[in-house]
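The next block holds one structure in the form of structure tokens; read it before the comments.
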Amino acid sequence: MLHNITEAQWKEYDEVGYLKLGRMDGAQLKAMQDRIDAIMLGDAPAPYDRMLMQLDSETGAYEDAGQQSKGHKGRTLNYRKIQDLEWDPTFFDYLTGSVFEDLCGRVYGPEKRVAVFRAMFMNKPANKGTFLPWHQDRWTAFDRDPLLTVWTAMDPATKENGCVQVIPGSHRYGLINPAHGSGFLSKAQSAAICTPDRIVYVELEPGEVVILHNHLLHASDVNRSSQSRRALSVCYMDADTLDKGEPNTLPVVFGRGALTRAEIDAAASALATA
Ligand SMILES: O=C(O)CCC(=O)C(=O)O
């Protein structure tokens with residue numbers, strides 16, 4: 001079971017920028033695994049017109065991954081990314097759990113309204129996968145940076161199948177490439193900063209959860225095994241964040257005006273296509 005973080009754990013998180021939280025409920029994990037496979041295979045109605053879906057690359061190179069756009073891209077488990085999962089009841093139930101509300105209260109303040117910037121399935125299909133270069137999770141369109149990402153392993157995540165790699169403490173380096181629209185490092189910056197002696201491979205059991213500070217340098221490799229590496233990454237942000245100077249339209253999940261499960265159910269059935 002997932003438990004609220006102790007003061008000692010918060011201290012550790014402040015120092016290194018990531019923290020393993022424990023394991024989610026097994027039945028809920030199974031529901032999420034089944035649901036994401038059904039979404040990929042088109043086996044169940046889903047709000048596809050609202051979901052950003054991207055196929056995996058054929059080469060392992062980031063530039064070769066498929067187009068990122070809304071809509072189903074074929075009956076295959078070879079998706080790299082599926083976003084907008086906060087609109088799916090199975091994932092909504094998980095990401096609105098009280099443990100995550102507590103975390104957001106600690107990071108953004110107990111009275112803050114919190115939105116989901118993105119709730120995305122990140123996949124490294126068996127013997128495939130796409131290298132994800134070193135980056136910090138921030139976007140120049142926003143007037144303040146999101147600070148908290150919750151990453152949940154839906155399969156074993158290992159060095160072999162492309163688990164997340166981090167540079168402990170790097171969330172305290174400041175923004176390394178502030179002009180980059182989404183926080184990616186150049187090859188030269190990665191070679192200089194993300195040296196093998198500094199890299200920690202965040203290996204996890206299925207259902208294990210790690211929280212990542214959004215400024216923590218992280219990356220992930222291709223999958224060199226026959227075990228898929230499915231995962232859910234949820235980025236929570238201050239709901240008052242301005243997007244290109246305008247109020248954002250992202251779904252609020254905690255605090256005043258938060259979406260309810262009934263609203264999610266209604267949206268999901270209104271938009272579901274087979
Ligand atoms: O799942 C991965 O390989 C990386 C995920 C990531 O960059 C993120 O969750 O922000």
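Convention: chains lettered A, B, ... in structure tokens order; per-chain residue numbering from 1; ligands numbered from 1 as shown.
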Please report as a Markdown table every residue of chain A lying within 8 Å of ligand 1, along with the nearest atom pair and their distance in Å (one decimal), using only C-alpha atoms and all ligand atoms.
```
| residue | atom | partner | partner_atom_place_in_ligand_line | distance |
| --- | --- | --- | --- | --- |
| A:Met120 | CA | ligand 1 | 9 (O) | 7.9 |
| A:Phe121 | CA | ligand 1 | 1 (O) | 8.0 |
| A:Met122 | CA | ligand 1 | 1 (O) | 4.9 |
| A:Asn123 | CA | ligand 1 | 1 (O) | 6.8 |
| A:Lys124 | CA | ligand 1 | 3 (O) | 7.6 |
| A:Leu132 | CA | ligand 1 | 3 (O) | 6.5 |
| A:His135 | CA | ligand 1 | 7 (O) | 7.5 |
| A:Gln136 | CA | ligand 1 | 10 (O) | 7.9 |
| A:Asp137 | CA | ligand 1 | 10 (O) | 5.9 |
| A:Thr149 | CA | ligand 1 | 9 (O) | 6.7 |
| A:Val150 | CA | ligand 1 | 9 (O) | 7.6 |
| A:Trp151 | CA | ligand 1 | 9 (O) | 6.0 |
| A:Gly162 | CA | ligand 1 | 3 (O) | 6.8 |
| A:Cys163 | CA | ligand 1 | 3 (O) | 6.3 |
| A:Val164 | CA | ligand 1 | 3 (O) | 5.2 |
| A:Asn214 | CA | ligand 1 | 10 (O) | 7.5 |
| A:His218 | CA | ligand 1 | 7 (O) | 6.4 |
| A:Ala219 | CA | ligand 1 | 4 (C) | 6.0 |
| A:Ser220 | CA | ligand 1 | 3 (O) | 4.7 |
| A:Asp221 | CA | ligand 1 | 3 (O) | 7.3 |
| A:Ala231 | CA | ligand 1 | 1 (O) | 6.3 |
| A:Leu232 | CA | ligand 1 | 1 (O) | 7.6 |
| A:Ser233 | CA | ligand 1 | 9 (O) | 4.7 |
| A:Val234 | CA | ligand 1 | 9 (O) | 7.1 |
| A:Cys235 | CA | ligand 1 | 10 (O) | 7.6 |
```
Selection export as a short mmCIF file (atom, residue, chain, number, x, y, z; two decimals), in the first residue's frame, atoms kept: N, CA and C atoms:
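Written out: part.cif:
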```cif
data_model
loop_
_atom_site.label_atom_id
_atom_site.label_comp_id
_atom_site.auth_asym_id
_atom_site.auth_seq_id
_atom_site.Cartn_x
_atom_site.Cartn_y
_atom_site.Cartn_z
N MET A 120 0.25 10.58 -18.51
CA MET A 120 0.64 9.89 -19.75
C MET A 120 1.20 8.50 -19.49
N PHE A 121 0.80 7.62 -20.38
CA PHE A 121 1.36 6.28 -20.44
C PHE A 121 2.69 6.42 -21.18
N MET A 122 3.76 5.92 -20.57
CA MET A 122 5.07 5.92 -21.23
C MET A 122 5.49 4.47 -21.37
N ASN A 123 5.71 4.06 -22.59
CA ASN A 123 5.90 2.65 -22.87
C ASN A 123 7.20 2.39 -23.60
N LYS A 124 7.85 1.29 -23.24
CA LYS A 124 8.98 0.78 -24.03
C LYS A 124 8.56 -0.64 -24.40
N LEU A 132 15.17 8.31 -24.64
CA LEU A 132 14.68 9.64 -24.25
C LEU A 132 15.86 10.42 -23.68
N HIS A 135 16.87 15.44 -19.72
CA HIS A 135 16.07 16.67 -19.69
C HIS A 135 15.58 16.97 -18.28
N GLN A 136 15.12 18.20 -18.11
CA GLN A 136 14.36 18.60 -16.92
C GLN A 136 12.93 18.83 -17.43
N ASP A 137 11.93 18.49 -16.60
CA ASP A 137 10.54 18.60 -17.06
C ASP A 137 10.01 20.00 -16.80
N THR A 149 6.20 15.24 -10.35
CA THR A 149 5.77 14.14 -11.23
C THR A 149 5.73 12.85 -10.43
N VAL A 150 4.65 12.11 -10.61
CA VAL A 150 4.51 10.79 -9.98
C VAL A 150 4.61 9.74 -11.08
N TRP A 151 5.60 8.87 -10.97
CA TRP A 151 5.88 7.87 -12.03
C TRP A 151 5.61 6.49 -11.45
N GLY A 162 14.85 -0.36 -19.89
CA GLY A 162 14.75 1.09 -20.10
C GLY A 162 14.10 1.85 -18.96
N CYS A 163 14.45 1.49 -17.72
CA CYS A 163 13.92 2.24 -16.57
C CYS A 163 14.40 3.70 -16.62
N VAL A 164 13.75 4.53 -15.82
CA VAL A 164 14.17 5.93 -15.74
C VAL A 164 15.55 6.00 -15.07
N ASN A 214 10.43 17.99 -10.74
CA ASN A 214 10.45 18.24 -12.19
C ASN A 214 11.79 18.76 -12.72
N HIS A 218 16.65 13.64 -15.91
CA HIS A 218 16.31 12.24 -16.11
C HIS A 218 16.29 11.90 -17.60
N ALA A 219 16.37 10.61 -17.87
CA ALA A 219 16.45 10.10 -19.24
C ALA A 219 16.00 8.64 -19.18
N SER A 220 15.85 8.00 -20.35
CA SER A 220 15.64 6.55 -20.33
C SER A 220 16.08 5.98 -21.67
N ASP A 221 16.51 4.72 -21.61
CA ASP A 221 17.10 4.06 -22.77
C ASP A 221 16.06 3.21 -23.51
N ALA A 231 4.44 2.23 -18.11
CA ALA A 231 4.47 3.11 -16.93
C ALA A 231 3.47 4.23 -17.10
N LEU A 232 3.06 4.80 -15.98
CA LEU A 232 2.19 5.98 -15.99
C LEU A 232 2.94 7.13 -15.34
N SER A 233 3.01 8.26 -16.03
CA SER A 233 3.68 9.44 -15.49
C SER A 233 2.66 10.57 -15.38
N VAL A 234 2.47 11.06 -14.17
CA VAL A 234 1.48 12.12 -13.95
C VAL A 234 2.18 13.36 -13.41
N CYS A 235 2.03 14.47 -14.11
CA CYS A 235 2.64 15.73 -13.67
C CYS A 235 1.53 16.63 -13.12
#
```
Practice task
Would you mind listing what lies within 10 Å of A:Ile264 as a list of chain:residue names, with only C-alpha atoms counted and same-chain residues fewer than 6 positions away left out?
Solution key: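 After dropping sequence-adjacent residues, the list is A:Glu86, A:Trp87, A:Asp88, A:Pro89, A:Phe92, A:Asp93, A:Ala270.
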Problem - Residue neighbourhood stretch 178-189 of chain A, 6 Å, only C-alpha atoms, exclusion window fewer than 3 positions, as an MDAnalysis selection string - result: chainID A and resid 134:140 175 192:193
Save the residues we just selected, N, CA and C atoms, as a PDB file, in the first residue's frame?
```pdb
ATOM      1  N   TRP A 134      18.448  13.265 -21.972  1.00  0.00           N
ATOM      2  CA  TRP A 134      18.445  13.915 -20.653  1.00  0.00           C
ATOM      3  C   TRP A 134      17.691  15.237 -20.716  1.00  0.00           C
ATOM      4  N   HIS A 135      16.868  15.444 -19.720  1.00  0.00           N
ATOM      5  CA  HIS A 135      16.070  16.674 -19.695  1.00  0.00           C
ATOM      6  C   HIS A 135      15.575  16.965 -18.284  1.00  0.00           C
ATOM      7  N   GLN A 136      15.118  18.205 -18.108  1.00  0.00           N
ATOM      8  CA  GLN A 136      14.359  18.596 -16.924  1.00  0.00           C
ATOM      9  C   GLN A 136      12.931  18.833 -17.429  1.00  0.00           C
ATOM     10  N   ASP A 137      11.929  18.488 -16.598  1.00  0.00           N
ATOM     11  CA  ASP A 137      10.538  18.605 -17.064  1.00  0.00           C
ATOM     12  C   ASP A 137      10.013  20.005 -16.798  1.00  0.00           C
ATOM     13  N   ARG A 138      10.207  20.896 -17.781  1.00  0.00           N
ATOM     14  CA  ARG A 138       9.640  22.242 -17.636  1.00  0.00           C
ATOM     15  C   ARG A 138       9.386  22.802 -19.039  1.00  0.00           C
ATOM     16  N   TRP A 139       8.492  23.759 -19.087  1.00  0.00           N
ATOM     17  CA  TRP A 139       8.027  24.238 -20.380  1.00  0.00           C
ATOM     18  C   TRP A 139       7.969  25.751 -20.334  1.00  0.00           C
ATOM     19  N   THR A 140       8.599  26.400 -21.321  1.00  0.00           N
ATOM     20  CA  THR A 140       8.724  27.856 -21.268  1.00  0.00           C
ATOM     21  C   THR A 140       7.389  28.573 -21.455  1.00  0.00           C
ATOM     22  N   LEU A 175      17.924  25.753 -13.623  1.00  0.00           N
ATOM     23  CA  LEU A 175      17.557  25.365 -14.998  1.00  0.00           C
ATOM     24  C   LEU A 175      18.811  25.363 -15.850  1.00  0.00           C
ATOM     25  N   ALA A 192      28.701  16.278 -20.455  1.00  0.00           N
ATOM     26  CA  ALA A 192      29.473  16.911 -19.379  1.00  0.00           C
ATOM     27  C   ALA A 192      28.840  16.677 -18.009  1.00  0.00           C
ATOM     28  N   ILE A 193      27.507  16.685 -17.958  1.00  0.00           N
ATOM     29  CA  ILE A 193      26.837  16.656 -16.641  1.00  0.00           C
ATOM     30  C   ILE A 193      26.397  15.240 -16.247  1.00  0.00           C
TER      31      ILE A 193
END
```
Handout entry: Atomic distance atom CA of A:Arg144 - atom CA of A:Val116, expressed in Å with one decimal
Key =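 Between atom CA of A:Arg144 and atom CA of A:Val116 the gap is 14.3 Å.
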Exercise for the section: Looking only at alpha helix (DSSP H) from DSSP on the backbone, list the matching residues of stretch 36-193 of chain A as a PyMOL selection string. Expected result: chain A and resi 36-41+89-95+98-108+187-193
Exercise for the section: Tell me which protein, DNA and RNA residues are within 12 Å of stretch 63-80 of chain A, counting only C-alpha atoms, leaving out same-chain ones fewer than 6 positions away, and put them as a ChimeraX atom specification. Expected result: /A:33-34,36-57,120-133,222-223,228-232,271-274
Handout entry: Top pick for closest residue to A:Phe142, considering A:Glu58, A:Glu160, A:Asp238, A:Asp265 and counting only C-alpha atoms
Key = A:Asp238
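Of the residues under consideration (A:Ala8, A:Ala141, A:Met154, A:Ile167), A:Met154 shows the shortest atom-to-atom contact distance to A:Ala27 when counting only C-alpha atoms.
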Problem - Pairwise distance for atom CA of A:Ala191 and atom CA of A:Arg172, rounded to one decimal in Å - result: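 Distance reported for this atom pair: 18.6 Å.
Closest to A:Leu204 among A:Gly245, A:Ile176, A:Gln28, A:Leu21 is A:Leu21, based on only C-alpha atoms.
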Handout entry: Residues within 9 Å of A:Val107, only C-alpha atoms, excluding chain neighbours under 5 positions, as a list of chain:residue names
Key =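 Once the adjacent positions are removed, what remains is A:Asp102, A:Leu147, A:Leu148.
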Exercise for the section: May I have all residues of stretch 88-128 of chain A that DSSP, computed from the backbone, assigns to strand (DSSP E), given as an MDAnalysis selection string? Expected result: chainID A and resid 114:124
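The closest residue to A:Gly255, picked from A:Ala239, A:Leu2, A:Val210, A:Met24 and counting only C-alpha atoms, is A:Ala239.
Among the candidates A:Asn177, A:Thr96, A:Gln227, A:Thr195, the one nearest to A:His215 when counting only C-alpha atoms is A:Asn177.
Residue nearest A:Asp243 within the list A:Gly207, A:Val166, A:Asp143, A:Cys194: A:Asp143 [criterion: smallest interatomic distance, only C-alpha atoms].
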Completion exercise
A straight line from atom CA of A:Glu101 to atom CA of A:Val209 spans 14.7 Å
